[in-house]
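Q: So that you have it, the file is entry_8.cif, and it contains mmCIF, C-alpha atoms, pLDDT in the B column; chains and numbers go by the auth columns:
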data_work
#
loop_
_atom_site.group_PDB
_atom_site.id
_atom_site.type_symbol
_atom_site.label_atom_id
_atom_site.label_comp_id
_atom_site.label_asym_id
_atom_site.label_seq_id
_atom_site.Cartn_x
_atom_site.Cartn_y
_atom_site.Cartn_z
_atom_site.B_iso_or_equiv
_atom_site.auth_seq_id
_atom_site.auth_asym_id
ATOM 1 C CA MET A 1 -134.729 25.667 -26.022 75.00 19 A
ATOM 2 C CA ALA A 2 -134.459 24.362 -22.473 85.00 20 A
ATOM 3 C CA ASP A 3 -131.159 23.236 -21.035 91.00 21 A
ATOM 4 C CA ARG A 4 -130.362 19.569 -21.188 89.00 22 A
ATOM 5 C CA LEU A 5 -130.797 17.822 -17.872 87.00 23 A
ATOM 6 C CA PRO A 6 -128.310 15.219 -16.673 89.00 24 A
ATOM 7 C CA LEU A 7 -129.312 11.578 -16.316 91.00 25 A
ATOM 8 C CA ASP A 8 -128.085 10.449 -12.924 95.00 26 A
ATOM 9 C CA THR A 9 -128.201 6.848 -11.783 97.00 27 A
ATOM 10 C CA GLU A 10 -127.587 4.927 -8.577 97.00 28 A
ATOM 11 C CA PHE A 11 -126.504 1.288 -8.529 98.00 29 A
ATOM 12 C CA LEU A 12 -129.250 -0.824 -6.921 98.00 30 A
ATOM 13 C CA PHE A 13 -128.151 -4.442 -7.290 98.00 31 A
ATOM 14 C CA ARG A 14 -126.802 -7.217 -9.479 98.00 32 A
ATOM 15 C CA LEU A 15 -129.539 -9.607 -10.577 98.00 33 A
ATOM 16 C CA THR A 16 -128.313 -13.137 -11.385 98.00 34 A
ATOM 17 C CA ILE A 17 -131.077 -15.301 -12.846 98.00 35 A
ATOM 18 C CA GLU A 18 -131.360 -19.081 -13.070 97.00 36 A
ATOM 19 C CA VAL A 19 -133.501 -20.286 -15.971 96.00 37 A
ATOM 20 C CA GLY A 20 -135.010 -23.556 -17.136 95.00 38 A
ATOM 21 C CA ALA A 21 -135.319 -24.959 -20.631 93.00 39 A
ATOM 22 C CA PRO A 22 -137.175 -22.661 -23.047 92.00 40 A
ATOM 23 C CA ALA A 23 -140.626 -23.718 -24.207 94.00 41 A
ATOM 24 C CA PRO A 24 -140.738 -22.861 -27.923 90.00 42 A
ATOM 25 C CA VAL A 25 -144.126 -21.441 -28.885 92.00 43 A
ATOM 26 C CA GLY A 26 -143.019 -21.225 -32.504 88.00 44 A
ATOM 27 C CA ASP A 27 -142.883 -18.885 -35.458 87.00 45 A
ATOM 28 C CA ALA A 28 -145.126 -15.873 -34.905 82.00 46 A
ATOM 29 C CA GLY A 29 -144.463 -14.400 -38.345 84.00 47 A
ATOM 30 C CA ASP A 30 -141.748 -11.807 -37.748 87.00 48 A
ATOM 31 C CA HIS A 31 -140.173 -13.539 -34.740 90.00 49 A
ATOM 32 C CA GLU A 32 -139.915 -16.814 -32.878 93.00 50 A
ATOM 33 C CA LEU A 33 -141.529 -16.816 -29.432 95.00 51 A
ATOM 34 C CA ARG A 34 -139.985 -18.783 -26.557 94.00 52 A
ATOM 35 C CA ILE A 35 -141.160 -18.819 -22.957 96.00 53 A
ATOM 36 C CA VAL A 36 -138.163 -19.199 -20.660 96.00 54 A
ATOM 37 C CA PRO A 37 -139.048 -20.147 -17.061 97.00 55 A
ATOM 38 C CA ILE A 38 -137.222 -18.463 -14.206 97.00 56 A
ATOM 39 C CA THR A 39 -136.252 -21.082 -11.630 97.00 57 A
ATOM 40 C CA GLY A 40 -134.421 -18.918 -9.079 98.00 58 A
ATOM 41 C CA GLY A 41 -131.418 -16.708 -8.565 98.00 59 A
ATOM 42 C CA ARG A 42 -130.128 -13.875 -6.386 98.00 60 A
ATOM 43 C CA PHE A 43 -129.929 -10.121 -6.254 98.00 61 A
ATOM 44 C CA GLU A 44 -127.282 -8.276 -4.253 98.00 62 A
ATOM 45 C CA GLY A 45 -126.603 -4.609 -3.784 98.00 63 A
ATOM 46 C CA PRO A 46 -125.887 -1.893 -1.224 97.00 64 A
ATOM 47 C CA ARG A 47 -129.589 -1.265 -0.401 91.00 65 A
ATOM 48 C CA LEU A 48 -131.307 -4.496 -1.466 95.00 66 A
ATOM 49 C CA SER A 49 -130.449 -8.174 -1.500 98.00 67 A
ATOM 50 C CA GLY A 50 -132.255 -11.479 -1.486 98.00 68 A
ATOM 51 C CA ALA A 51 -133.587 -14.258 -3.687 98.00 69 A
ATOM 52 C CA ILE A 52 -135.416 -14.518 -6.994 98.00 70 A
ATOM 53 C CA LEU A 53 -138.427 -16.759 -6.453 98.00 71 A
ATOM 54 C CA PRO A 54 -139.220 -19.499 -8.974 98.00 72 A
ATOM 55 C CA GLY A 55 -142.263 -18.977 -11.154 97.00 73 A
ATOM 56 C CA GLY A 56 -141.431 -15.968 -13.304 97.00 74 A
ATOM 57 C CA ALA A 57 -140.663 -16.122 -17.001 98.00 75 A
ATOM 58 C CA ASP A 58 -139.213 -14.346 -20.008 97.00 76 A
ATOM 59 C CA TRP A 59 -141.507 -14.157 -23.044 96.00 77 A
ATOM 60 C CA LEU A 60 -138.528 -13.993 -25.400 95.00 78 A
ATOM 61 C CA ARG A 61 -139.046 -12.889 -28.990 96.00 79 A
ATOM 62 C CA VAL A 62 -136.134 -13.763 -31.267 94.00 80 A
ATOM 63 C CA GLU A 63 -136.054 -11.944 -34.595 94.00 81 A
ATOM 64 C CA PRO A 64 -134.637 -13.490 -37.797 93.00 82 A
ATOM 65 C CA ASP A 65 -131.320 -11.629 -37.358 92.00 83 A
ATOM 66 C CA GLY A 66 -130.898 -13.074 -33.830 92.00 84 A
ATOM 67 C CA THR A 67 -131.952 -9.933 -31.949 95.00 85 A
ATOM 68 C CA ALA A 68 -133.776 -10.915 -28.755 95.00 86 A
ATOM 69 C CA ARG A 69 -136.640 -8.821 -27.348 96.00 87 A
ATOM 70 C CA ILE A 70 -136.871 -9.561 -23.640 97.00 88 A
ATOM 71 C CA ASP A 71 -140.189 -9.346 -21.736 98.00 89 A
ATOM 72 C CA VAL A 72 -139.694 -10.555 -18.151 98.00 90 A
ATOM 73 C CA ARG A 73 -141.822 -10.773 -15.041 98.00 91 A
ATOM 74 C CA LEU A 74 -140.385 -12.101 -11.796 98.00 92 A
ATOM 75 C CA THR A 75 -140.680 -11.859 -8.020 98.00 93 A
ATOM 76 C CA LEU A 76 -137.884 -10.886 -5.663 98.00 94 A
ATOM 77 C CA GLN A 77 -137.879 -11.623 -1.946 98.00 95 A
ATOM 78 C CA ASP A 78 -135.582 -9.328 -0.017 97.00 96 A
ATOM 79 C CA ALA A 79 -133.654 -10.233 3.130 96.00 97 A
ATOM 80 C CA SER A 80 -136.559 -9.077 5.358 96.00 98 A
ATOM 81 C CA GLY A 81 -139.002 -11.360 3.514 97.00 99 A
ATOM 82 C CA ALA A 82 -140.719 -8.557 1.582 98.00 100 A
ATOM 83 C CA LEU A 83 -141.883 -9.387 -1.944 98.00 101 A
ATOM 84 C CA ILE A 84 -141.082 -7.165 -4.926 98.00 102 A
ATOM 85 C CA TYR A 85 -142.716 -7.668 -8.321 98.00 103 A
ATOM 86 C CA VAL A 86 -140.371 -6.781 -11.192 98.00 104 A
ATOM 87 C CA GLN A 87 -141.310 -6.265 -14.820 98.00 105 A
ATOM 88 C CA TYR A 88 -138.803 -5.364 -17.489 98.00 106 A
ATOM 89 C CA GLN A 89 -138.370 -5.199 -21.207 98.00 107 A
ATOM 90 C CA GLY A 90 -135.172 -5.008 -23.139 98.00 108 A
ATOM 91 C CA VAL A 91 -133.146 -5.880 -26.170 98.00 109 A
ATOM 92 C CA ARG A 92 -130.073 -8.030 -26.784 97.00 110 A
ATOM 93 C CA THR A 93 -128.447 -7.562 -30.176 97.00 111 A
ATOM 94 C CA GLY A 94 -125.084 -7.499 -31.866 97.00 112 A
ATOM 95 C CA PRO A 95 -123.127 -8.815 -34.839 96.00 113 A
ATOM 96 C CA ALA A 96 -124.547 -12.031 -36.303 94.00 114 A
ATOM 97 C CA ALA A 97 -121.478 -14.104 -35.365 95.00 115 A
ATOM 98 C CA VAL A 98 -121.702 -12.967 -31.731 96.00 116 A
ATOM 99 C CA LEU A 99 -125.432 -13.700 -31.522 93.00 117 A
ATOM 100 C CA GLU A 100 -124.817 -17.170 -32.979 92.00 118 A
ATOM 101 C CA ARG A 101 -122.252 -17.862 -30.244 93.00 119 A
ATOM 102 C CA LEU A 102 -124.698 -16.705 -27.565 91.00 120 A
ATOM 103 C CA ALA A 103 -127.418 -18.921 -29.061 86.00 121 A
ATOM 104 C CA LYS A 104 -125.050 -21.907 -28.783 89.00 122 A
ATOM 105 C CA GLY A 105 -124.537 -21.155 -25.077 89.00 123 A
ATOM 106 C CA GLU A 106 -120.944 -20.002 -25.469 92.00 124 A
ATOM 107 C CA ALA A 107 -119.270 -17.489 -23.153 93.00 125 A
ATOM 108 C CA VAL A 108 -119.054 -14.156 -24.976 95.00 126 A
ATOM 109 C CA PRO A 109 -117.633 -10.930 -23.494 95.00 127 A
ATOM 110 C CA ALA A 110 -120.501 -8.539 -22.646 95.00 128 A
ATOM 111 C CA SER A 111 -118.659 -5.765 -24.490 96.00 129 A
ATOM 112 C CA ASP A 112 -119.213 -7.675 -27.780 97.00 130 A
ATOM 113 C CA TYR A 113 -123.002 -7.145 -27.808 97.00 131 A
ATOM 114 C CA TYR A 114 -125.702 -4.725 -26.687 97.00 132 A
ATOM 115 C CA PHE A 115 -127.979 -5.886 -23.828 97.00 133 A
ATOM 116 C CA ARG A 116 -130.121 -3.287 -22.038 98.00 134 A
ATOM 117 C CA ALA A 117 -133.443 -3.270 -20.188 98.00 135 A
ATOM 118 C CA ALA A 118 -135.901 -0.884 -18.503 98.00 136 A
ATOM 119 C CA MET A 119 -137.396 -2.059 -15.191 98.00 137 A
ATOM 120 C CA ARG A 120 -140.362 -1.216 -12.987 98.00 138 A
ATOM 121 C CA PHE A 121 -141.100 -2.434 -9.471 98.00 139 A
ATOM 122 C CA GLU A 122 -144.143 -2.938 -7.253 98.00 140 A
ATOM 123 C CA THR A 123 -144.170 -3.748 -3.552 98.00 141 A
ATOM 124 C CA ALA A 124 -146.425 -3.323 -0.529 98.00 142 A
ATOM 125 C CA ALA A 125 -143.496 -3.288 1.926 98.00 143 A
ATOM 126 C CA PRO A 126 -143.497 0.133 3.631 97.00 144 A
ATOM 127 C CA ALA A 127 -139.690 0.308 3.774 96.00 145 A
ATOM 128 C CA LEU A 128 -139.416 -0.421 0.038 97.00 146 A
ATOM 129 C CA ARG A 129 -142.269 1.679 -1.378 97.00 147 A
ATOM 130 C CA TRP A 130 -139.731 4.037 -2.896 97.00 148 A
ATOM 131 C CA LEU A 131 -139.282 1.301 -5.518 98.00 149 A
ATOM 132 C CA ASN A 132 -142.892 1.872 -6.684 98.00 150 A
ATOM 133 C CA ARG A 133 -141.804 5.339 -7.864 98.00 151 A
ATOM 134 C CA THR A 134 -138.515 4.225 -9.406 97.00 152 A
ATOM 135 C CA ILE A 135 -137.633 3.486 -13.002 97.00 153 A
ATOM 136 C CA ALA A 136 -134.455 1.466 -13.386 98.00 154 A
ATOM 137 C CA ILE A 137 -132.213 0.687 -16.304 98.00 155 A
ATOM 138 C CA ALA A 138 -130.037 -2.376 -16.536 98.00 156 A
ATOM 139 C CA THR A 139 -126.983 -3.464 -18.429 98.00 157 A
ATOM 140 C CA GLY A 140 -127.090 -7.171 -19.131 97.00 158 A
ATOM 141 C CA GLN A 141 -124.835 -10.024 -20.033 96.00 159 A
ATOM 142 C CA ARG A 142 -125.620 -13.612 -20.977 93.00 160 A
ATOM 143 C CA PRO A 143 -123.027 -16.034 -19.610 93.00 161 A
ATOM 144 C CA PRO A 144 -123.732 -19.768 -20.088 88.00 162 A
ATOM 145 C CA SER A 145 -125.081 -19.972 -16.507 89.00 163 A
ATOM 146 C CA GLY A 146 -127.956 -17.543 -17.210 91.00 164 A
ATOM 147 C CA PRO A 147 -128.699 -13.852 -17.587 95.00 165 A
ATOM 148 C CA CYS A 148 -127.125 -11.317 -15.265 97.00 166 A
ATOM 149 C CA TYR A 149 -127.953 -7.613 -14.953 98.00 167 A
ATOM 150 C CA ASP A 150 -126.466 -4.632 -13.168 98.00 168 A
ATOM 151 C CA VAL A 151 -129.518 -2.559 -12.210 98.00 169 A
ATOM 152 C CA TYR A 152 -129.441 1.219 -11.731 98.00 170 A
ATOM 153 C CA ALA A 153 -132.186 3.529 -10.425 98.00 171 A
ATOM 154 C CA VAL A 154 -132.682 6.594 -12.603 97.00 172 A
ATOM 155 C CA LYS A 155 -132.668 9.541 -10.208 93.00 173 A
#
Can I see the file as structure tokens?

A:
Amino acid sequence: MADRLPLDTEFLFRLTIEVGAPAPVGDAGDHELRIVPITGGRFEGPRLSGAILPGGADWLRVEPDGTARIDVRLTLQDASGALIYVQYQGVRTGPAAVLERLAKGEAVPASDYYFRAAMRFETAAPALRWLNRTIAIATGQRPPSGPCYDVYAVK
């Protein structure tokens, strides 16, 4: 058997998202579908920073136990003006009482629930093309103001 290889990461940025009111699509059988518009936000880190442009969305699937399956597409604009397309999928889950508090918009410590995502990037900016070959993982939290992620490149 081959040796295990380490999983190294590098912090890229904190992504703080502003969202609008969810548009409930309804019961899709094994989940409820909601489309949550992204209205703006910021990202800040040692190598990248800028704004989240309005117009993205989260196609959020909420299962009967409260587990949320996140499916997000958004556009970042870095400080130089370059555009970066971001697509990520993830899961937010935890004890029923914690998920109920989150659903009510209450502040819940991030350590009380599991919120992770896998991200991909696309850009035409020559200085940022390294992102096109980068997979990132994110740890999330859901304060009342909107979702927030710490994003790490997997090296």

Q: Apply the PyMOL selection byres ((chain A and resi 149) around 9) to the file shown and report the selected residues as a list of chain:residue names.

A: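 Output of the PyMOL selection byres ((chain A and resi 149) around 9): A:Ile102, A:Arg138, A:Phe139, A:Glu140, A:Thr141, A:Leu146, A:Arg147, A:Trp148, A:Asn150, A:Arg151, A:Thr152, A:Ile153, A:Ala171.
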
Q: Sorted by chain and rising residue number, list the residues of region 46-128 of chain A at most 10 Å from region 30-39 of chain A (counting all atoms listed in the file), each with its closest atom pair and distance in Å to one decimal, as a tab-separated table.

A:
residue	atom	partner	partner_atom	distance
A:Arg52	CA	A:Ala39	CA	9.7
A:Ile53	CA	A:Ala39	CA	8.8
A:Val54	CA	A:Ala39	CA	6.4
A:Pro55	CA	A:Gly38	CA	5.3
A:Ile56	CA	A:Val37	CA	4.5
A:Thr57	CA	A:Val37	CA	5.2
A:Gly58	CA	A:Glu36	CA	5.0
A:Gly59	CA	A:Ile35	CA	4.5
A:Arg60	CA	A:Thr34	CA	5.4
A:Phe61	CA	A:Leu33	CA	4.4
A:Glu62	CA	A:Phe31	CA	5.0
A:Gly63	CA	A:Phe31	CA	3.8
A:Pro64	CA	A:Leu30	CA	6.7
A:Arg65	CA	A:Leu30	CA	6.5
A:Leu66	CA	A:Phe31	CA	6.6
A:Ser67	CA	A:Phe31	CA	7.3
A:Gly68	CA	A:Leu33	CA	9.7
A:Ala69	CA	A:Leu33	CA	9.2
A:Ile70	CA	A:Ile35	CA	7.3
A:Leu71	CA	A:Ile35	CA	9.8
A:Pro72	CA	A:Glu36	CA	8.9
A:Gly74	CA	A:Val37	CA	9.4
A:Ala75	CA	A:Val37	CA	8.3
A:Asp76	CA	A:Val37	CA	9.2
A:Leu92	CA	A:Ile35	CA	9.9
A:Leu94	CA	A:Leu33	CA	9.8

Q: Can you work out which one of A:Gly123, A:Pro82, A:Pro161, A:Pro144 has the shortest atom-to-atom distance to Gly47 (chain A), counting all atoms listed in the file?

A: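 Counting all atoms listed in the file, the residue closest to Gly47 (chain A) is A:Pro82.
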
Q: Report, in Å to a single decimal, how far apart CA of Leu25 (chain A) and CA of Ala145 (chain A) are.

A: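 Here the two named atoms are 25.3 Å from each other.
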
Q: Mind pulling up the distance from CA of Pro127 (chain A) to CA of His49 (chain A)?

A: 25.3 Å

Q: Figure out the distance between CA of Gly73 (chain A) and CA of Gln105 (chain A), please, to one decimal in Å.

A: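 Distance between the two atoms: 13.3 Å.
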
Q: With all atoms listed in the file as the atoms that count, which of A:Ala135, A:Ala156, A:Ala143, A:Val126 lies nearest to Gly112 (chain A)?

A: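 Under the stated criterion, the closest residue is A:Val126.
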